[in-house]
Structures are given as structure tokens and as C-alpha cells.
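Content type PDB, C-alpha atoms, from the file query.pdb:
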```
ATOM      1  CA  MET A   1      27.731  -3.114  10.518
ATOM      2  CA  SER A   2      26.019  -5.297  13.071
ATOM      3  CA  PRO A   3      28.332  -8.032  14.356
ATOM      4  CA  ARG A   4      27.752 -11.469  12.878
ATOM      5  CA  GLY A   5      25.724 -13.823  15.061
ATOM      6  CA  VAL A   6      24.130 -11.056  17.117
ATOM      7  CA  ALA A   7      20.340 -10.997  17.109
ATOM      8  CA  ILE A   8      18.887  -7.917  15.442
ATOM      9  CA  PRO A   9      15.613  -6.750  16.964
ATOM     10  CA  ASP A  10      12.874  -6.218  14.377
ATOM     11  CA  ALA A  11      15.101  -7.546  11.595
ATOM     12  CA  ARG A  12      12.181  -7.909   9.177
ATOM     13  CA  GLU A  13      11.135  -4.278   9.603
ATOM     14  CA  ARG A  14      14.736  -3.121   9.410
ATOM     15  CA  LEU A  15      15.118  -4.943   6.086
ATOM     16  CA  PHE A  16      11.752  -3.657   4.820
ATOM     17  CA  ALA A  17      12.653  -0.053   5.650
ATOM     18  CA  ALA A  18      16.037  -0.489   3.958
ATOM     19  CA  ALA A  19      14.337  -1.910   0.859
ATOM     20  CA  GLU A  20      12.000   1.090   0.689
ATOM     21  CA  ARG A  21      14.984   3.436   0.741
ATOM     22  CA  VAL A  22      16.766   1.430  -1.972
ATOM     23  CA  LEU A  23      13.624   1.355  -4.111
ATOM     24  CA  ALA A  24      13.071   5.100  -3.715
ATOM     25  CA  ARG A  25      16.666   5.823  -4.673
ATOM     26  CA  GLU A  26      17.415   3.178  -7.329
ATOM     27  CA  GLY A  27      14.070   1.734  -8.438
ATOM     28  CA  PRO A  28      13.264  -1.987  -8.733
ATOM     29  CA  ALA A  29      16.406  -2.757 -10.745
ATOM     30  CA  GLY A  30      18.547  -1.697  -7.776
ATOM     31  CA  LEU A  31      16.825  -4.021  -5.326
ATOM     32  CA  THR A  32      19.161  -6.904  -4.532
ATOM     33  CA  ASN A  33      20.002  -8.861  -1.417
ATOM     34  CA  ARG A  34      23.279  -6.952  -1.215
ATOM     35  CA  SER A  35      21.733  -3.488  -1.665
ATOM     36  CA  VAL A  36      19.108  -4.172   1.008
ATOM     37  CA  THR A  37      21.476  -5.641   3.583
ATOM     38  CA  GLU A  38      24.067  -2.926   2.985
ATOM     39  CA  GLU A  39      21.372  -0.276   3.405
ATOM     40  CA  ALA A  40      20.212  -2.027   6.588
ATOM     41  CA  ASP A  41      23.836  -2.207   7.767
ATOM     42  CA  CYS A  42      23.662  -5.914   8.497
ATOM     43  CA  ALA A  43      25.178  -9.205   7.376
ATOM     44  CA  LYS A  44      24.470 -10.306   3.809
ATOM     45  CA  GLY A  45      22.838 -13.534   4.942
ATOM     46  CA  LEU A  46      20.270 -11.865   7.194
ATOM     47  CA  LEU A  47      17.702 -11.531   4.424
ATOM     48  CA  TYR A  48      17.883 -15.268   3.749
ATOM     49  CA  ASN A  49      17.545 -16.042   7.453
ATOM     50  CA  HIS A  50      14.056 -14.541   7.329
ATOM     51  CA  PHE A  51      12.935 -15.048   3.708
ATOM     52  CA  ALA A  52      13.205 -17.917   1.233
ATOM     53  CA  ASP A  53      14.569 -15.693  -1.544
ATOM     54  CA  LEU A  54      14.338 -12.161  -2.906
ATOM     55  CA  ASP A  55      10.883 -12.798  -4.415
ATOM     56  CA  ASP A  56       9.639 -13.953  -1.024
ATOM     57  CA  PHE A  57      11.170 -10.852   0.569
ATOM     58  CA  VAL A  58       9.483  -8.488  -1.930
ATOM     59  CA  ALA A  59       6.158 -10.324  -1.594
ATOM     60  CA  GLN A  60       6.301 -10.129   2.208
ATOM     61  CA  LEU A  61       7.174  -6.424   1.982
ATOM     62  CA  VAL A  62       4.135  -5.759  -0.220
ATOM     63  CA  LEU A  63       1.844  -7.853   1.995
ATOM     64  CA  ASP A  64       3.130  -6.174   5.154
ATOM     65  CA  ARG A  65       2.584  -2.687   3.750
ATOM     66  CA  PHE A  66      -0.910  -3.534   2.490
ATOM     67  CA  GLU A  67      -1.785  -4.992   5.889
ATOM     68  CA  ARG A  68      -0.756  -1.679   7.473
ATOM     69  CA  ILE A  69      -2.768   0.282   4.903
ATOM     70  CA  ALA A  70      -5.846  -1.865   5.488
ATOM     71  CA  ALA A  71      -5.519  -1.401   9.256
ATOM     72  CA  GLU A  72      -5.204   2.363   8.825
ATOM     73  CA  VAL A  73      -8.269   2.599   6.578
ATOM     74  CA  ALA A  74     -10.454   0.071   8.461
ATOM     75  CA  PRO A  75     -11.800   2.583  11.041
ATOM     76  CA  LEU A  76     -13.048   4.936   8.300
ATOM     77  CA  PRO A  77     -16.725   3.872   8.591
ATOM     78  CA  GLN A  78     -16.661   4.969  12.245
ATOM     79  CA  ARG A  79     -15.972   8.536  11.055
ATOM     80  CA  ALA A  80     -19.369   8.719   9.374
ATOM     81  CA  GLY A  81     -21.155  11.879  10.458
ATOM     82  CA  SER A  82     -17.982  13.784  11.300
ATOM     83  CA  GLY A  83     -15.789  15.976   9.154
ATOM     84  CA  ASP A  84     -16.218  16.558   5.452
ATOM     85  CA  VAL A  85     -17.342  13.481   3.504
ATOM     86  CA  ARG A  86     -15.154  14.208   0.492
ATOM     87  CA  GLU A  87     -12.066  14.959   2.584
ATOM     88  CA  ASN A  88     -12.557  11.830   4.706
ATOM     89  CA  LEU A  89     -12.884   9.748   1.560
ATOM     90  CA  ALA A  90      -9.925  11.309  -0.242
ATOM     91  CA  ASP A  91      -7.667  11.050   2.812
ATOM     92  CA  ALA A  92      -8.495   7.355   3.207
ATOM     93  CA  ALA A  93      -7.922   6.636  -0.474
ATOM     94  CA  LEU A  94      -4.595   8.443  -0.416
ATOM     95  CA  VAL A  95      -3.298   6.106   2.296
ATOM     96  CA  LEU A  96      -2.747   3.634  -0.565
ATOM     97  CA  LEU A  97      -0.328   5.947  -2.312
ATOM     98  CA  GLY A  98       1.637   6.753   0.812
ATOM     99  CA  ALA A  99       5.221   7.874   0.621
ATOM    100  CA  THR A 100       6.556   4.594  -0.778
ATOM    101  CA  GLY A 101       3.470   2.974  -2.291
ATOM    102  CA  PRO A 102       4.441   3.443  -5.933
ATOM    103  CA  VAL A 103       7.979   2.120  -5.534
ATOM    104  CA  ILE A 104       6.787  -0.939  -3.625
ATOM    105  CA  ALA A 105       4.168  -1.635  -6.296
ATOM    106  CA  ALA A 106       6.838  -1.274  -8.971
ATOM    107  CA  ALA A 107       9.050  -3.771  -7.154
ATOM    108  CA  ALA A 108       6.230  -6.290  -6.904
ATOM    109  CA  VAL A 109       5.255  -6.118 -10.554
ATOM    110  CA  SER A 110       8.874  -6.175 -11.713
ATOM    111  CA  ARG A 111       9.390  -9.575 -10.078
ATOM    112  CA  GLN A 112       7.052 -12.228 -11.444
ATOM    113  CA  GLY A 113       7.616 -14.578  -8.515
ATOM    114  CA  ALA A 114       6.803 -11.835  -5.999
ATOM    115  CA  ALA A 115       3.695 -10.737  -7.909
ATOM    116  CA  GLN A 116       2.417 -14.315  -8.007
ATOM    117  CA  ARG A 117       2.988 -14.788  -4.263
ATOM    118  CA  VAL A 118       1.181 -11.536  -3.491
ATOM    119  CA  ARG A 119      -1.748 -12.485  -5.721
ATOM    120  CA  LEU A 120      -2.043 -15.923  -4.088
ATOM    121  CA  ALA A 121      -1.903 -14.381  -0.604
ATOM    122  CA  TRP A 122      -4.643 -11.890  -1.515
ATOM    123  CA  GLU A 123      -6.760 -14.715  -2.940
ATOM    124  CA  ALA A 124      -6.277 -16.551   0.358
ATOM    125  CA  GLY A 125      -7.592 -13.531   2.282
ATOM    126  CA  ALA A 126      -4.560 -11.383   3.073
ATOM    127  CA  PRO A 127      -5.521  -7.689   3.236
ATOM    128  CA  GLY A 128      -5.030  -5.961  -0.093
ATOM    129  CA  PRO A 129      -6.667  -3.311  -2.255
ATOM    130  CA  ASP A 130     -10.054  -4.989  -1.794
ATOM    131  CA  ALA A 131      -9.885  -4.289   1.960
ATOM    132  CA  VAL A 132      -9.474  -0.582   1.209
ATOM    133  CA  GLU A 133     -12.328  -0.691  -1.308
ATOM    134  CA  ALA A 134     -14.575  -2.423   1.246
ATOM    135  CA  ALA A 135     -13.792   0.192   3.917
ATOM    136  CA  LEU A 136     -14.574   2.995   1.448
ATOM    137  CA  ALA A 137     -17.887   1.341   0.547
ATOM    138  CA  ARG A 138     -18.868   0.830   4.210
ATOM    139  CA  TYR A 139     -18.022   4.459   4.937
ATOM    140  CA  LEU A 140     -20.115   5.707   2.015
ATOM    141  CA  GLU A 141     -23.021   3.485   3.066
ATOM    142  CA  ALA A 142     -22.819   4.818   6.621
ATOM    143  CA  GLU A 143     -22.814   8.399   5.334
ATOM    144  CA  GLN A 144     -25.726   7.526   3.053
ATOM    145  CA  ARG A 145     -27.753   6.300   6.038
ATOM    146  CA  LEU A 146     -27.013   9.656   7.715
ATOM    147  CA  GLY A 147     -28.170  11.566   4.624
ATOM    148  CA  ARG A 148     -24.717  13.012   3.866
ATOM    149  CA  VAL A 149     -24.437  10.963   0.653
ATOM    150  CA  GLY A 150     -27.347  10.890  -1.781
ATOM    151  CA  ALA A 151     -29.883   8.107  -1.373
ATOM    152  CA  ASP A 152     -29.487   7.158  -5.035
ATOM    153  CA  ALA A 153     -25.679   6.832  -4.862
ATOM    154  CA  ASP A 154     -24.251   3.392  -5.644
ATOM    155  CA  CYS A 155     -21.748   3.247  -2.785
ATOM    156  CA  ALA A 156     -20.085   0.034  -3.920
ATOM    157  CA  MET A 157     -19.434   1.464  -7.390
ATOM    158  CA  LEU A 158     -18.186   4.765  -5.984
ATOM    159  CA  ALA A 159     -15.746   2.852  -3.782
ATOM    160  CA  LEU A 160     -14.630   0.725  -6.738
ATOM    161  CA  ALA A 161     -14.092   3.813  -8.906
ATOM    162  CA  LEU A 162     -12.038   5.526  -6.231
ATOM    163  CA  ALA A 163      -9.991   2.460  -5.256
ATOM    164  CA  GLY A 164      -9.458   1.613  -8.925
ATOM    165  CA  THR A 165      -8.210   5.097  -9.710
ATOM    166  CA  VAL A 166      -5.818   5.066  -6.778
ATOM    167  CA  HIS A 167      -4.609   1.620  -7.829
ATOM    168  CA  HIS A 168      -4.006   2.995 -11.331
ATOM    169  CA  LEU A 169      -1.977   5.877  -9.894
ATOM    170  CA  LEU A 170      -0.096   3.425  -7.702
ATOM    171  CA  MET A 171       0.854   1.241 -10.647
ATOM    172  CA  TYR A 172       1.944   4.202 -12.747
ATOM    173  CA  GLY A 173       4.308   5.753 -10.229
ATOM    174  CA  ASP A 174       5.145   8.719 -12.436
ATOM    175  CA  ARG A 175       1.599  10.020 -11.900
ATOM    176  CA  ALA A 176       1.561   9.287  -8.164
ATOM    177  CA  ALA A 177       3.159  12.637  -7.339
ATOM    178  CA  ASP A 178       0.028  14.294  -8.676
ATOM    179  CA  GLY A 179      -2.113  11.725  -6.833
ATOM    180  CA  PRO A 180      -3.532  13.883  -4.042
ATOM    181  CA  ARG A 181      -4.816  16.516  -6.450
ATOM    182  CA  LEU A 182      -6.259  13.908  -8.829
ATOM    183  CA  VAL A 183      -7.910  11.913  -6.037
ATOM    184  CA  ARG A 184      -9.536  15.020  -4.540
ATOM    185  CA  ARG A 185     -10.735  16.045  -8.002
ATOM    186  CA  LEU A 186     -12.178  12.565  -8.587
ATOM    187  CA  VAL A 187     -13.949  12.549  -5.213
ATOM    188  CA  ALA A 188     -15.462  15.968  -5.984
ATOM    189  CA  THR A 189     -16.662  14.625  -9.337
ATOM    190  CA  LEU A 190     -18.095  11.424  -7.853
ATOM    191  CA  LEU A 191     -19.791  13.189  -4.918
ATOM    192  CA  PRO A 192     -20.649  16.688  -6.147
ATOM    193  CA  GLY A 193     -23.279  17.336  -3.497
ATOM    194  CA  ALA A 194     -21.551  15.857  -0.468
TER     195      ALA A 194
END
```

Using the file provided, produce a representation of the structure as C-alpha cells.
Amino acid sequence: MSPRGVAIPDARERLFAAAERVLAREGPAGLTNRSVTEEADCAKGLLYNHFADLDDFVAQLVLDRFERIAAEVAPLPQRAGSGDVRENLADAALVLLGATGPVIAAAAVSRQGAAQRVRLAWEAGAPGPDAVEAALARYLEAEQRLGRVGADADCAMLALALAGTVHHLLMYGDRAADGPRLVRRLVATLLPGA
């Protein structure tokens, strides 16, 4: 264990990574201050040095991970004209599921205080699922201008359908394992000629 009173570099990320491991192993019910700090091999009070309470910690974890997802998907429109349209789209959508996406989503919805904080942050402009949807729509519009997506395609609705489906898979973690196959199948159905 880290000695008490010694600064821990990247403590927030260390705690977030520990929480992801606890969630993957034990689910939301196993997520406690003690389980996270023990997994992070640090003092029990460290979590409360950086977060107001466990709800704040879970909310910040969700917001941090969505910010990373949004940053990863943001450059998608710049890929217009290269690669396969359906693969580009599916790969970007699947970033939402990620390795720990479903367990983090489960943690957020299992804690009412965390879910409310996340919702308020998203309403205030923090990157969330809407940022992914917007990137998908901009990508489809760019491909449409290049003639690689049909001129009659409703890009905003295609992006909403794809982001909504991935969100559904994210919220129902038991189906997330089949997510890549389902997302690729959906993209093929939405864009049969691309």
C-alpha cells in the first residue's frame, strides 16, 4: 500500500482504473470506497480527498470516460473519403461500448445521485452520447457530399439510430458482448449501398 501522506501521481486515474476492475469483477453492488481504494492499493481516505462522495466519484468516472470517447470519435468526419464507410461508422460507434463501457453505465444507473450528476453535466455541455451522435452525423454528411452515402439519406437520423442502438446495448450489458456483430449488422442494414 502507498504510504500515508505521500502524494500519488494521477490519483484520479488510478482510482478510476481500480473502479473499472472492481466493476468488471463484482458489478455495481461491489463498488464501495473500500473496494476501490483496496484495488488501487492506496489509503481509504484518498477517494474522499478527490471526490465529495461515492456518487461524485462514479459521476466523474462516467464523465471522464465519455470525454475520452468523444475525443476519440471527434476526428471521424476527417476520415470521409477513406476506408470503407460502413467499417468507419461501425468502428466509431463501437468506441462507446469499449471494454468497460457496460459496467460503467451500470454503475451510473445503479446510483441515483451519480446518474443525476451525469445528466446535469451533460445538460451543461459535458461530452456525452450526443457528442458521438454528432460526430457520426457529420461523418455521414461528409461522405454524402463525396457521393459515398446516398443523396437521399437522412444522415442525422442514421446517426441517431446507430447511437441509440449502441446506447441500448450499453445499458443492457448482457447484450454488449454481441455488440460488434449487432452494430455491424445494423450499419449494413442502414447503409446497404455504401

Reference answer for the PyMOL selection byres ((chain A and resi 107) around 12), as number ranges by chain: A: 19-20, 22-24, 26-32, 54-62, 100-106, 108-115, 118, 170-171, 173

Contact residues around range 162-166 of chain A with only C-alpha atoms at 7 Å, ignoring same-chain residues under 4 positions, as number ranges by chain: A: 93, 133, 158, 170

Could you please take those selected residues and save C-alpha atoms as a PDB file, keeping the file's coordinate frame?
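Saved result, part.pdb, follows:
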```
ATOM      1  CA  ALA A  93      -7.922   6.636  -0.474  1.00  0.00           C
ATOM      2  CA  GLU A 133     -12.328  -0.691  -1.308  1.00  0.00           C
ATOM      3  CA  LEU A 158     -18.186   4.765  -5.984  1.00  0.00           C
ATOM      4  CA  LEU A 170      -0.096   3.425  -7.702  1.00  0.00           C
TER       5      LEU A 170
END
```

Distance in Å - CA of Phe51 in chain A versus CA of Gly125 in chain A: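 Going from CA of Phe51 in chain A over to CA of Gly125 in chain A, I get 20.6 Å.
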
Distance query 12 Å from (-9.3, 13.5, -10.4) using all atoms listed in the file, result as a list in words: Ala90, Ala161, Leu162, Gly164, Thr165, Val166, His168, Leu169, Arg175, Ala176, Asp178, Gly179, Pro180, Arg181, Leu182, Val183, Arg184, Arg185, Leu186, Val187, Ala188, Thr189, Leu190 and Leu191 of chain A

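With all atoms listed in the file as the basis for measurement, A:Leu63 is the residue among A:Asp84, A:Cys155, A:Pro192, A:Leu63 that approaches Gly128 in chain A most closely.
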
Atomic separation - CA of Asn49 in chain A relative to CA of Asp64 in chain A, Å: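 About the pair CA of Asp64 in chain A and CA of Asn49 in chain A: they are 17.6 Å apart.
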
Running the PyMOL selection byres ((chain A and resi 151) around 12) on this model by hand, what would come out? Give it as a tab-separated table (two decimals) with C-alpha atoms, keeping the file's coordinate frame.
```tsv
chain	number	residue	atom	x	y	z
A	140	LEU	CA	-20.11	5.71	2.02
A	141	GLU	CA	-23.02	3.48	3.07
A	142	ALA	CA	-22.82	4.82	6.62
A	143	GLU	CA	-22.81	8.40	5.33
A	144	GLN	CA	-25.73	7.53	3.05
A	145	ARG	CA	-27.75	6.30	6.04
A	146	LEU	CA	-27.01	9.66	7.72
A	147	GLY	CA	-28.17	11.57	4.62
A	148	ARG	CA	-24.72	13.01	3.87
A	149	VAL	CA	-24.44	10.96	0.65
A	150	GLY	CA	-27.35	10.89	-1.78
A	152	ASP	CA	-29.49	7.16	-5.04
A	153	ALA	CA	-25.68	6.83	-4.86
A	154	ASP	CA	-24.25	3.39	-5.64
A	155	CYS	CA	-21.75	3.25	-2.78
A	191	LEU	CA	-19.79	13.19	-4.92
A	193	GLY	CA	-23.28	17.34	-3.50
A	194	ALA	CA	-21.55	15.86	-0.47
```

Where's the centre, and what are the edge lengths in Å to one decimal, of a box along x, y and z enclosing all listed atoms of range 34-41 of chain A padded 8 Å per side, as lines of an AutoDock Vina configuration file?
```
center_x = 21.6
center_y = -3.6
center_z = 3.1
size_x = 21.0
size_y = 22.7
size_z = 25.4
```

Point-to-point distance in Å for CA of Leu46 in chain A and CA of Glu13 in chain A: 12.1 Å

Selection near Glu39 in chain A, 10 Å with all atoms listed in the file, sequence-local residues under 2 positions removed, as a VMD selection string: chain A and resid 1 14 to 15 17 to 22 33 to 37 41 to 42

Spatial neighbours of Pro77 in chain A, max dist 12 Å, only C-alpha atoms, sep filter under 2 positions, as a PyMOL selection string: chain A and resi 72-75+79-82+85+88-89+92+132-146

Test item: the PyMOL selection byres ((chain A and resi 127) around 7) resolved as a ChimeraX atom specification: /A:66-67,70,122,125-126,128,131

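Every protein, DNA or RNA residue with an atom at most 7 Å from Ile69 in chain A, where all atoms listed in the file count and chain neighbours fewer than 4 positions away do not, is listed here: Arg65, Val73, Val95 and Leu96 of chain A.
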
What would the file look like if the residues just selected were written as a PDB file, in the coordinates of the input with C-alpha atoms?
```
ATOM      1  CA  ARG A  65       2.584  -2.687   3.750  1.00  0.00           C
ATOM      2  CA  VAL A  73      -8.269   2.599   6.578  1.00  0.00           C
ATOM      3  CA  VAL A  95      -3.298   6.106   2.296  1.00  0.00           C
ATOM      4  CA  LEU A  96      -2.747   3.634  -0.565  1.00  0.00           C
TER       5      LEU A  96
END
```
